[in-house]
file start09.txt (compact mmCIF, C-alpha atoms)
# COMPACT_ATOMS: atom_id res chain seq x y z
CA MET A 36 96.25 92.53 73.37
CA GLY A 37 93.93 90.71 75.72
CA LEU A 38 94.16 90.33 79.45
CA VAL A 39 96.46 87.34 79.59
CA LEU A 40 98.65 87.10 82.65
CA ASP A 41 101.85 85.16 82.35
CA PHE A 42 103.84 84.87 85.54
CA SER A 43 106.19 82.17 84.29
CA VAL A 44 108.62 84.52 82.51
CA VAL A 45 108.95 86.47 85.75
CA LEU A 46 109.26 83.44 87.98
CA ASP A 47 111.91 82.00 85.65
CA ARG A 48 114.14 84.84 86.81
CA TRP A 49 113.86 83.79 90.45
CA GLN A 50 117.64 83.87 90.81
CA ALA A 51 117.79 87.60 90.04
CA LEU A 52 114.79 88.25 92.31
CA LEU A 53 116.45 86.33 95.12
CA ASP A 54 119.67 88.33 94.68
CA GLY A 55 117.68 91.55 94.76
CA ALA A 56 115.79 90.51 97.88
CA THR A 57 119.07 89.57 99.57
CA LEU A 58 120.53 92.96 98.75
CA THR A 59 117.41 94.70 100.05
CA LEU A 60 117.75 92.82 103.35
CA GLN A 61 121.47 93.59 103.49
CA LEU A 62 120.81 97.30 102.97
CA ALA A 63 118.12 97.22 105.64
CA ILE A 64 120.31 95.40 108.17
CA ILE A 65 123.29 97.71 107.64
CA ALA A 66 121.07 100.78 107.94
CA VAL A 67 119.30 99.40 111.03
CA VAL A 68 122.53 98.57 112.88
CA CYS A 69 124.26 101.87 112.05
CA GLY A 70 121.03 103.85 112.43
CA ALA A 71 120.32 102.35 115.85
CA THR A 72 123.82 103.33 116.98
CA ILE A 73 123.28 106.88 115.75
CA GLY A 74 119.88 106.80 117.45
CA VAL A 75 121.34 105.93 120.87
CA PHE A 76 123.93 108.71 120.69
CA GLY A 77 121.45 111.15 119.16
CA ALA A 78 118.92 110.48 121.90
CA ILE A 79 121.57 110.89 124.60
CA GLY A 80 122.66 114.10 122.88
CA ARG A 81 119.12 115.43 122.76
CA ARG A 82 118.67 115.09 126.51
CA GLY A 83 122.30 115.39 127.59
CA GLY A 84 122.15 118.93 129.00
CA ASN A 85 124.56 120.61 126.59
CA VAL A 86 122.46 123.21 124.75
CA LEU A 87 124.58 123.22 121.61
CA VAL A 88 124.52 119.41 121.25
CA GLU A 89 120.78 119.36 121.96
CA ARG A 90 120.14 121.94 119.24
CA LEU A 91 122.37 120.09 116.79
CA CYS A 92 120.65 116.73 117.36
CA GLY A 93 117.26 118.41 117.20
CA ALA A 94 118.12 120.09 113.89
CA TYR A 95 119.30 116.75 112.48
CA VAL A 96 116.08 115.02 113.46
CA GLU A 97 113.83 117.79 112.12
CA ALA A 98 115.76 118.19 108.87
CA ILE A 99 115.55 114.47 108.07
CA ARG A 100 111.99 113.91 109.24
CA ASN A 101 110.61 116.78 107.18
CA THR A 102 112.23 116.01 103.81
CA PRO A 103 111.59 113.06 101.46
CA LEU A 104 114.00 110.13 101.43
CA LEU A 105 114.29 110.40 97.65
CA VAL A 106 115.68 113.94 97.92
CA GLN A 107 118.01 112.88 100.75
CA ILE A 108 119.36 110.07 98.58
CA PHE A 109 119.99 112.46 95.68
CA LEU A 110 121.70 114.93 98.03
CA VAL A 111 124.03 112.27 99.43
CA TYR A 112 124.67 110.84 95.97
CA PHE A 113 125.45 114.15 94.25
CA GLY A 114 126.91 115.73 97.37
CA LEU A 115 129.57 113.03 97.70
CA SER A 116 130.41 113.12 94.00
CA SER A 117 130.66 116.93 93.95
CA LEU A 118 133.22 116.57 96.73
CA GLY A 119 135.13 114.35 94.32
CA LEU A 120 134.35 111.16 96.24
CA GLN A 121 133.24 108.20 94.15
CA PHE A 122 131.43 105.37 95.87
CA SER A 123 129.37 102.47 94.62
CA ALA A 124 125.61 102.95 94.46
CA PHE A 125 125.27 100.38 97.25
CA THR A 126 127.50 102.40 99.60
CA VAL A 127 125.67 105.63 98.85
CA ALA A 128 122.33 103.89 99.40
CA ALA A 129 123.50 102.45 102.71
CA VAL A 130 124.79 105.84 103.88
CA ALA A 131 121.60 107.67 102.90
CA LEU A 132 119.35 105.08 104.53
CA THR A 133 121.47 105.15 107.69
CA ILE A 134 121.24 108.93 107.94
CA ASN A 135 117.51 108.68 107.40
CA VAL A 136 116.71 105.94 109.89
CA GLY A 137 119.15 107.44 112.41
CA ALA A 138 116.91 110.49 112.76
CA TYR A 139 113.74 108.48 113.29
CA THR A 140 115.51 106.19 115.74
CA THR A 141 116.85 109.20 117.66
CA GLU A 142 113.33 110.49 118.13
CA ILE A 143 111.87 107.12 119.14
CA MET A 144 114.72 106.35 121.56
CA ARG A 145 114.45 109.80 123.09
CA ALA A 146 110.83 109.04 123.89
CA GLY A 147 111.97 105.76 125.44
CA PHE A 148 114.71 107.35 127.51
CA ASP A 149 112.38 110.14 128.64
CA SER A 150 109.91 107.54 129.86
CA ILE A 151 112.36 106.29 132.49
CA HIS A 152 111.12 107.57 135.82
CA LYS A 153 113.36 110.10 137.53
CA GLY A 154 113.23 108.06 140.72
CA GLN A 155 114.95 105.17 138.97
CA ILE A 156 117.89 107.37 138.01
CA GLU A 157 118.06 108.85 141.50
CA ALA A 158 118.01 105.37 142.98
CA ALA A 159 120.87 104.34 140.70
CA GLU A 160 122.80 107.44 141.77
CA GLY A 161 122.10 106.53 145.38
CA LEU A 162 123.58 103.10 144.76
CA GLY A 163 126.78 104.80 143.61
CA LEU A 164 126.61 103.78 139.95
CA SER A 165 128.77 105.83 137.62
CA LYS A 166 127.16 108.00 134.96
CA ALA A 167 128.04 105.52 132.23
CA GLN A 168 126.64 102.65 134.27
CA ILE A 169 123.41 104.56 134.90
CA TYR A 170 123.02 105.26 131.19
CA TRP A 171 123.75 101.67 130.19
CA HIS A 172 121.75 99.78 132.80
CA VAL A 173 118.99 102.17 133.81
CA ILE A 174 118.30 104.40 130.83
CA ILE A 175 119.42 102.83 127.55
CA TRP A 176 118.29 99.21 127.83
CA PRO A 177 115.04 99.73 129.74
CA GLY A 178 114.30 102.71 127.48
CA ILE A 179 114.83 100.68 124.32
CA GLU A 180 112.74 97.89 125.78
CA ARG A 181 109.76 100.24 126.13
CA VAL A 182 109.90 101.54 122.57
CA TYR A 183 110.98 98.26 120.95
CA PRO A 184 107.68 97.78 119.07
CA ALA A 185 107.86 101.30 117.62
CA LEU A 186 111.48 100.73 116.62
CA THR A 187 110.55 97.47 114.93
CA SER A 188 107.84 99.15 112.83
CA GLN A 189 110.23 101.90 111.85
CA PHE A 190 112.84 99.39 110.74
CA VAL A 191 110.32 97.48 108.62
CA LEU A 192 109.26 100.79 107.04
CA LEU A 193 112.92 101.46 106.33
CA MET A 194 113.26 98.14 104.53
CA LEU A 195 110.30 99.08 102.33
CA ALA A 196 111.70 102.57 101.80
CA SER A 197 114.99 101.08 100.61
CA SER A 198 113.14 100.47 97.33
CA VAL A 199 113.72 104.16 96.62
CA THR A 200 117.46 103.53 96.29
CA SER A 201 116.69 101.88 92.95
CA GLN A 202 116.59 105.46 91.68
CA ILE A 203 120.37 105.75 92.02
CA SER A 204 120.65 102.24 90.53
CA ALA A 205 121.51 100.28 93.63
CA GLU A 206 120.80 96.72 92.52
CA GLU A 207 118.16 95.92 95.11
CA LEU A 208 114.80 94.25 94.61
CA THR A 209 112.97 97.14 92.92
CA ALA A 210 115.88 97.77 90.54
CA VAL A 211 115.83 94.07 89.65
CA ALA A 212 112.10 94.38 89.01
CA ASN A 213 112.64 97.35 86.70
CA TYR A 214 115.23 95.34 84.83
CA ILE A 215 113.03 92.26 84.51
CA GLN A 216 110.02 94.22 83.30
CA SER A 217 112.08 96.01 80.67
CA GLU A 218 113.33 92.66 79.46
CA THR A 219 110.06 90.73 79.47
CA TYR A 220 107.47 93.51 78.93
CA ARG A 221 105.51 91.81 81.71
CA SER A 222 105.46 94.79 84.03
CA PHE A 223 102.16 93.98 85.77
CA GLU A 224 103.22 90.44 86.65
CA THR A 225 106.71 91.57 87.66
CA TYR A 226 105.52 94.22 90.09
CA ILE A 227 102.85 91.93 91.56
CA VAL A 228 105.50 89.29 92.27
CA VAL A 229 107.86 91.89 93.71
CA ALA A 230 105.12 93.37 95.89
CA LEU A 231 104.48 89.92 97.34
CA ILE A 232 108.21 89.43 97.94
CA TYR A 233 108.23 92.71 99.87
CA VAL A 234 105.24 91.56 101.94
CA ALA A 235 107.12 88.34 102.68
CA LEU A 236 110.29 90.27 103.57
CA SER A 237 108.38 92.48 105.98
CA PHE A 238 106.91 89.40 107.69
CA ILE A 239 110.38 87.85 107.88
CA MET A 240 111.77 91.06 109.38
CA ARG A 241 108.98 91.30 111.95
CA PHE A 242 109.53 87.69 112.94
CA GLY A 243 113.28 88.28 113.20
CA PHE A 244 112.78 91.31 115.43
CA TRP A 245 110.34 89.36 117.57
CA LEU A 246 112.98 86.65 118.10
CA LEU A 247 115.64 89.30 118.75
CA GLY A 248 113.33 90.92 121.29
CA LEU A 249 112.92 87.62 123.12
CA ALA A 250 116.70 87.29 123.28
CA LEU A 251 117.41 90.90 124.25
CA PHE A 252 114.72 91.38 126.85
CA PRO A 253 114.43 88.20 128.93
CA ARG A 254 112.51 90.10 131.61
CA ARG A 255 109.79 90.84 129.13
CA ARG A 256 109.65 87.17 128.19
CA ARG A 257 109.25 86.15 131.83
CA LEU A 258 106.49 88.67 132.42
CA GLY A 259 104.79 87.56 129.24
CA THR A 260 104.49 91.13 127.95
CA PRO A 261 103.90 91.02 124.21
CA LEU A 262 106.62 92.53 122.06
CA MET B 87 126.38 123.80 80.71
CA GLY B 88 122.92 125.27 80.21
CA GLY B 89 123.50 128.61 81.92
CA ALA B 90 122.79 129.65 85.46
CA LEU B 91 119.83 129.14 87.74
CA ASN B 92 117.41 132.00 87.00
CA ILE B 93 113.95 133.17 87.91
CA ASN B 94 112.29 130.95 85.28
CA HIS B 95 113.77 127.88 86.90
CA LEU B 96 112.49 128.99 90.27
CA LEU B 97 109.03 129.62 88.80
CA PHE B 98 109.10 126.11 87.35
CA LEU B 99 110.01 124.74 90.77
CA GLY B 100 107.17 126.77 92.28
CA HIS B 101 104.79 125.23 89.78
CA GLY B 102 106.08 121.80 90.80
CA ALA B 103 105.58 122.68 94.45
CA LEU B 104 101.94 123.55 93.72
CA TRP B 105 101.46 120.10 92.18
CA THR B 106 103.07 118.55 95.24
CA ILE B 107 100.45 120.31 97.36
CA GLY B 108 97.73 119.33 94.87
CA LEU B 109 98.72 115.68 94.87
CA SER B 110 98.92 115.72 98.67
CA ALA B 111 95.37 117.10 98.78
CA ILE B 112 94.16 114.40 96.38
CA ALA B 113 95.88 111.76 98.50
CA LEU B 114 94.43 113.14 101.73
CA ILE B 115 90.87 113.35 100.39
CA GLY B 116 90.94 110.07 98.45
CA GLY B 117 92.96 108.15 101.01
CA GLY B 118 90.99 109.71 103.85
CA SER B 119 87.61 108.63 102.45
CA PHE B 120 88.79 105.14 101.60
CA GLY B 121 90.76 104.92 104.85
CA PHE B 122 87.62 105.81 106.79
CA LEU B 123 85.87 102.84 105.21
CA ILE B 124 88.88 100.66 106.09
CA ALA B 125 88.74 101.86 109.71
CA LEU B 126 85.02 101.08 109.90
CA GLY B 127 85.69 97.71 108.26
CA ARG B 128 88.34 96.92 110.88
CA VAL B 129 85.80 97.37 113.72
CA SER B 130 82.86 95.88 111.83
CA PRO B 131 80.70 93.28 113.59
CA SER B 132 81.06 91.03 110.54
CA ARG B 133 84.06 88.78 110.74
CA ALA B 134 84.49 88.57 106.96
CA VAL B 135 84.60 92.36 106.60
CA ARG B 136 87.13 92.63 109.44
CA LEU B 137 89.33 90.02 107.80
CA LEU B 138 89.09 91.69 104.39
CA ALA B 139 90.05 95.11 105.80
CA ALA B 140 92.90 93.61 107.83
CA THR B 141 94.25 91.78 104.78
CA TYR B 142 94.18 94.98 102.77
CA VAL B 143 96.10 96.85 105.48
CA GLN B 144 98.67 94.06 105.85
CA LEU B 145 99.26 93.80 102.10
CA ILE B 146 99.60 97.52 101.47
CA GLN B 147 101.68 98.19 104.58
CA GLY B 148 104.01 95.42 103.46
CA THR B 149 104.53 96.88 99.98
CA PRO B 150 106.66 99.93 99.18
CA LEU B 151 104.77 102.88 97.73
CA LEU B 152 107.27 102.91 94.87
CA VAL B 153 106.21 99.43 93.79
CA ILE B 154 102.53 100.45 94.00
CA MET B 155 103.35 103.42 91.76
CA PHE B 156 105.12 101.21 89.20
CA LEU B 157 102.31 98.69 89.36
CA SER B 158 99.60 101.24 88.64
CA PHE B 159 101.54 103.10 85.96
CA PHE B 160 103.61 100.54 84.03
CA GLY B 161 101.70 97.47 85.16
CA LEU B 162 98.28 98.65 84.07
CA ALA B 163 99.71 100.11 80.87
CA ALA B 164 101.12 96.69 79.98
CA LEU B 165 97.64 95.23 80.46
CA GLY B 166 96.32 97.69 77.89
CA PHE B 167 94.92 100.41 80.16
CA ASN B 168 96.29 103.82 79.35
CA ILE B 169 96.75 105.77 82.51
CA SER B 170 98.02 109.32 82.89
CA PRO B 171 100.78 109.99 85.44
CA LEU B 172 98.34 112.08 87.51
CA LEU B 173 95.81 109.26 87.67
CA ALA B 174 98.48 106.66 88.47
CA ALA B 175 100.05 108.84 91.18
CA GLY B 176 96.70 109.85 92.66
CA ALA B 177 95.41 106.27 92.73
CA SER B 178 98.65 104.92 94.23
CA MET B 179 98.71 107.58 96.92
CA THR B 180 95.04 106.91 97.70
CA ILE B 181 95.62 103.17 98.04
CA PHE B 182 98.70 103.74 100.18
CA VAL B 183 97.30 106.48 102.44
CA ALA B 184 94.07 104.54 103.04
CA ALA B 185 95.97 101.61 104.57
CA TYR B 186 97.86 103.82 107.03
CA LEU B 187 95.08 106.28 107.90
CA GLY B 188 92.63 103.38 108.22
CA GLU B 189 94.90 101.77 110.79
CA ILE B 190 95.47 105.05 112.67
CA TRP B 191 91.76 105.77 112.81
CA ARG B 192 90.89 102.24 113.89
CA GLY B 193 93.14 102.84 116.88
CA CYS B 194 91.29 106.07 117.63
CA ILE B 195 87.87 104.43 117.36
CA GLU B 196 88.99 101.65 119.68
CA ALA B 197 90.49 104.15 122.11
CA VAL B 198 87.05 105.57 122.91
CA PRO B 199 86.19 104.05 126.31
CA LYS B 200 84.02 100.96 126.20
CA GLN B 201 81.52 102.50 128.60
CA GLN B 202 80.59 104.99 125.89
CA TRP B 203 79.42 102.12 123.68
CA GLU B 204 77.53 100.57 126.56
CA ALA B 205 75.89 103.83 127.59
CA ALA B 206 74.84 104.49 123.99
CA GLU B 207 73.43 100.99 123.78
CA GLY B 208 71.61 101.60 127.05
CA LEU B 209 69.98 104.64 125.48
CA ALA B 210 68.60 102.31 122.78
CA LEU B 211 70.58 103.90 119.95
CA SER B 212 71.03 101.73 116.88
CA ARG B 213 74.56 100.66 115.91
CA SER B 214 74.91 103.35 113.27
CA GLN B 215 73.49 105.99 115.63
CA ARG B 216 75.97 104.90 118.29
CA MET B 217 78.80 105.22 115.80
CA VAL B 218 77.79 108.56 114.31
CA LYS B 219 76.48 110.33 117.40
CA VAL B 220 78.61 108.98 120.21
CA ILE B 221 81.81 107.27 119.11
CA LEU B 222 82.98 109.17 116.04
CA PRO B 223 82.81 112.68 117.55
CA GLN B 224 85.10 111.50 120.33
CA ALA B 225 87.32 109.48 117.99
CA ILE B 226 87.81 112.48 115.69
CA ARG B 227 89.19 114.50 118.59
CA LEU B 228 91.68 111.71 119.33
CA ALA B 229 92.50 111.30 115.65
CA THR B 230 93.39 114.90 114.83
CA PRO B 231 97.03 115.01 116.04
CA PRO B 232 98.17 111.73 114.41
CA THR B 233 96.34 112.60 111.19
CA VAL B 234 98.10 115.95 110.94
CA GLY B 235 101.34 114.09 111.67
CA PHE B 236 100.62 111.64 108.89
CA MET B 237 100.06 114.52 106.47
CA VAL B 238 103.81 115.09 106.70
CA GLN B 239 104.30 111.54 105.41
CA ILE B 240 101.83 112.22 102.59
CA VAL B 241 103.65 115.35 101.43
CA LYS B 242 107.01 113.58 101.55
CA ASN B 243 105.75 110.49 99.76
CA THR B 244 104.36 112.49 96.85
CA SER B 245 108.03 112.82 95.83
CA LEU B 246 107.81 109.22 94.62
CA ALA B 247 105.29 110.28 91.97
CA SER B 248 108.32 111.65 90.12
CA VAL B 249 109.24 108.11 89.05
CA VAL B 250 106.12 107.80 86.90
CA GLY B 251 106.84 111.14 85.27
CA PHE B 252 104.36 113.21 87.25
CA VAL B 253 105.86 116.71 87.35
CA GLU B 254 105.73 117.62 91.01
CA LEU B 255 108.49 119.28 93.01
CA THR B 256 111.11 116.52 92.78
CA ARG B 257 110.46 115.82 89.10
CA SER B 258 110.63 119.52 88.20
CA GLY B 259 113.96 119.63 90.02
CA GLN B 260 115.19 116.67 87.98
CA ILE B 261 114.11 118.37 84.77
CA ILE B 262 115.94 121.58 85.66
CA ASN B 263 118.96 119.56 86.67
CA ASN B 264 119.03 117.91 83.26
CA SER B 265 119.69 121.27 81.67
CA LEU B 266 121.83 122.94 84.34
CA PHE B 267 123.61 120.00 85.92
CA GLU B 268 123.90 121.59 89.34
CA PRO B 269 122.38 118.68 91.28
CA PHE B 270 123.58 119.61 94.74
CA ILE B 271 122.22 123.17 94.63
CA ILE B 272 118.94 122.17 93.02
CA TYR B 273 118.21 119.29 95.37
CA SER B 274 119.14 121.50 98.32
CA ILE B 275 116.55 124.04 97.20
CA ILE B 276 114.00 121.24 96.82
CA ALA B 277 114.82 119.91 100.27
CA VAL B 278 114.27 123.38 101.73
CA VAL B 279 110.91 123.68 99.99
CA TYR B 280 109.78 120.27 101.32
CA PHE B 281 111.00 121.26 104.75
CA SER B 282 109.01 124.48 104.70
CA LEU B 283 105.91 122.52 103.68
CA CYS B 284 106.35 119.78 106.27
CA TYR B 285 107.81 121.49 109.30
CA PRO B 286 104.72 123.61 110.10
CA LEU B 287 102.61 120.43 109.91
CA SER B 288 105.01 118.63 112.28
CA ARG B 289 104.87 121.52 114.72
CA LEU B 290 101.08 121.71 114.53
CA SER B 291 100.77 117.96 115.11
CA ARG B 292 102.99 118.16 118.18
CA ARG B 293 101.08 121.12 119.58
CA LEU B 294 97.74 119.38 119.09
CA GLU B 295 99.14 116.28 120.77
CA ARG B 296 100.30 118.26 123.77
CA SER B 297 97.00 120.06 124.21
CA ALA B 298 95.14 116.74 123.84
CA LEU B 299 97.29 115.29 126.62
CA GLN B 300 96.41 118.18 128.88
CA LYS B 301 92.71 117.70 128.29
CA LYS B 302 92.87 113.98 128.88
CA PRO B 303 91.92 113.90 132.59
CA ALA B 304 88.67 115.72 131.80
CA LEU B 305 87.83 113.18 129.10
CA ALA B 306 88.33 110.05 131.17
call {"tool": "encode", "arguments": {"input": "start09.txt", "output": "structure tokens"}}
result
Amino acid sequence: MGLVLDFSVVLDRWQALLDGATLTLQLAIIAVVCGATIGVFGAIGRRGGNVLVERLCGAYVEAIRNTPLLVQIFLVYFGLSSLGLQFSAFTVAAVALTINVGAYTTEIMRAGFDSIHKGQIEAAEGLGLSKAQIYWHVIIWPGIERVYPALTSQFVLLMLASSVTSQISAEELTAVANYIQSETYRSFETYIVVALIYVALSFIMRFGFWLLGLALFPRRRRLGTPL
Amino acid sequence: MGGALNINHLLFLGHGALWTIGLSAIALIGGGSFGFLIALGRVSPSRAVRLLAATYVQLIQGTPLLVIMFLSFFGLAALGFNISPLLAAGASMTIFVAAYLGEIWRGCIEAVPKQQWEAAEGLALSRSQRMVKVILPQAIRLATPPTVGFMVQIVKNTSLASVVGFVELTRSGQIINNSLFEPFIIYSIIAVVYFSLCYPLSRLSRRLERSALQKKPALA
């Protein structure tokens, strides 16, 4: 067998690749939205003052950050089924990715919230804002604004990491690739095409987050600070 | 089904854990050397070299490691090259780690104050002398905490080598699970082993970072 590359059999299956890419993006978006919510609460919990909650959030972050995603996915997958709960592979994948990205987001957001100067919070207290108002206006949004670039990178990494969920046969892009290569025996071409689709997806995601940043942080836009 | 978890299974897991450490070392050495070249390429005076290094980083950082693994194992096999799982996993990890470490180290090289370059130039050092004698020693000090932090990522990512049949910790767990079918217990044990490998590295990285922050005023 000589070195003959034939991309056409792979590109003929563009419909399946497109479906896979869509599912990858869906997984990523679900995990990002749920993970960011966990992150906000986790970060508040980690600096909230209650020792037990702080410890709990800290343990969550350390446990997730120091174990591989693949093992976490297996644990969620087999853990849920050993409890007698049956979910689709997509649901399990979304849950596992959310738990994973939630921990990273907690840590990044904590850094953002910690970077808010104490004087700002004291000034807000002096203006008679309630605790919830202080958190919302003075800590959460300005804090997120400061760490927005780091969050963006983490979310793009998450989208790439979602490829691992192919191991529990969620039908995302990598699983589609495995299927195509087993059908066509063109594994080199298949994975090259899929790698390029992932590169494109990560550019699309970065662009999307850049637009979202412009919408969320108008002050930053006015000041011309790069996102 | 296949009996209970016994000492032989644990020994098998231990063997897998050793290969996880071994593969991490291969990835760190291979990826570190190649990543160093990437970092130098990113700050090279030649525009073409800078562009080449940047393209490499962009492409690899935009591709999942899993796909790189499949590409080097199944992809190259389909082209007629026969590659062992160890070679495929080691090469994939090297390619992957180089892109990230290269980018981290570029940041560290660029973080050395500009005056240091100028002073070295004023002392009539050649470009390579400036790099080796003035910039790199300072950059290495800046680079230590993030590099140790990235080692955690390396150890965790070696788990993906299991998909090409390389018997490291995760794969050995899968093999045991195939005979015992106690997935939750087995993967919990594996998670604990990964944690005990990674957590000390995380702690060390944080401690180095903190002590670097304290020394910063003296450096500036």
call {"tool": "interface_residues", "arguments": {"input": "start09.txt", "of": "chain B", "to": "chain A", "cutoff": "9 Å", "atoms": "all atoms listed in the file", "output": "MDAnalysis selection string"}}
result
chainID B and resid 144:154 156:158 160:166 238:239 241:246 249 256 269:271 273:274 276:285 288
call {"tool": "axis_aligned_box", "arguments": {"input": "start09.txt", "around": "range 130-147 of chain A", "padding_each_side": "6 Å", "output": "lines of an AutoDock Vina configuration file"}}
result
center_x = 117.8
center_y = 107.8
center_z = 114.2
size_x = 26.0
size_y = 17.4
size_z = 34.5
call {"tool": "atom_distance", "arguments": {"input": "start09.txt", "atom1": "CA of Ile240 in chain B", "atom2": "CA of Gly80 in chain A"}}
result
29.1 Å
call {"tool": "residues_around", "arguments": {"input": "start09.txt", "residues": "Val250 in chain B", "least_positions_apart": "3", "cutoff": "7 Å", "atoms": "all atoms listed in the file", "output": "MDAnalysis selection string"}}
result
chainID B and resid 159 171 247
call {"tool": "atom_distance", "arguments": {"input": "start09.txt", "atom1": "CA of Cys194 in chain B", "atom2": "CA of Ile179 in chain A"}}
result
25.1 Å
call {"tool": "closest_residue", "arguments": {"input": "start09.txt", "among": "B:Arg133, B:Arg257, B:Arg216, B:His95", "to": "Gln202 in chain B", "atoms": "only C-alpha atoms"}}
result
B:Arg216
call {"tool": "atom_distance", "arguments": {"input": "start09.txt", "atom1": "CA of Gly147 in chain A", "atom2": "CA of Ile174 in chain A"}}
result
8.4 Å
call {"tool": "closest_residue", "arguments": {"input": "start09.txt", "among": "B:Met155, B:Ala210, B:Ala184, B:Ile169", "to": "Leu126 in chain B", "atoms": "only C-alpha atoms"}}
result
B:Ala184
call {"tool": "residues_around", "arguments": {"input": "start09.txt", "residues": "Gly116 in chain B", "least_positions_apart": "4", "cutoff": "9 Å", "atoms": "only C-alpha atoms", "output": "count of residues only"}}
result
11
call {"tool": "residues_near_point", "arguments": {"input": "start09.txt", "point": "(123.0, 104.5, 92.5)", "cutoff": "8 Å", "atoms": "all atoms listed in the file", "output": "VMD selection string"}}
result
chain A and resid 112 123 to 125 127 to 128 200 to 205
call {"tool": "residues_around", "arguments": {"input": "start09.txt", "residues": "Val220 in chain B", "least_positions_apart": "3", "cutoff": "12 Å", "atoms": "all atoms listed in the file", "output": "PyMOL selection string"}}
result
chain B and resi 195+198-207+209+211-217+223-226
call {"tool": "closest_residue", "arguments": {"input": "start09.txt", "among": "A:Leu53, A:Leu46, A:Ile175, A:Leu208", "to": "Arg145 in chain A", "atoms": "only C-alpha atoms"}}
result
A:Ile175
call {"tool": "closest_residue", "arguments": {"input": "start09.txt", "among": "B:Phe236, B:Trp105, B:Tyr186, B:Phe167", "to": "Tyr142 in chain B", "atoms": "only C-alpha atoms"}}
result
B:Tyr186
call {"tool": "residues_near_point", "arguments": {"input": "start09.txt", "point": "(91.2, 94.7, 112.7)", "cutoff": "8 Å", "atoms": "all atoms listed in the file", "output": "compact mmCIF listing (two decimals) with C-alpha atoms, in the coordinates of the input"}}
result
# COMPACT_ATOMS: atom_id res chain seq x y z
CA GLY B 127 85.69 97.71 108.26
CA ARG B 128 88.34 96.92 110.88
CA VAL B 129 85.80 97.37 113.72
CA ARG B 136 87.13 92.63 109.44
CA LEU B 137 89.33 90.02 107.80
CA ALA B 139 90.05 95.11 105.80
CA ALA B 140 92.90 93.61 107.83
CA ARG B 192 90.89 102.24 113.89
call {"tool": "residues_around", "arguments": {"input": "start09.txt", "residues": "Thr106 in chain B", "least_positions_apart": "2", "cutoff": "6 Å", "atoms": "only C-alpha atoms", "output": "list in words"}}
result
Ala103, Leu104, Gly108, Leu109, Glu254 and Leu255 of chain B
call {"tool": "closest_residue", "arguments": {"input": "start09.txt", "among": "A:Gly74, A:Pro184, A:Gly154, A:Pro177", "to": "Pro253 in chain A", "atoms": "only C-alpha atoms"}}
result
A:Pro177
call {"tool": "closest_residue", "arguments": {"input": "start09.txt", "among": "B:Met237, B:Ala113, B:Ile190, B:Ile221", "to": "Ser178 in chain B", "atoms": "all atoms listed in the file"}}
result
B:Ala113
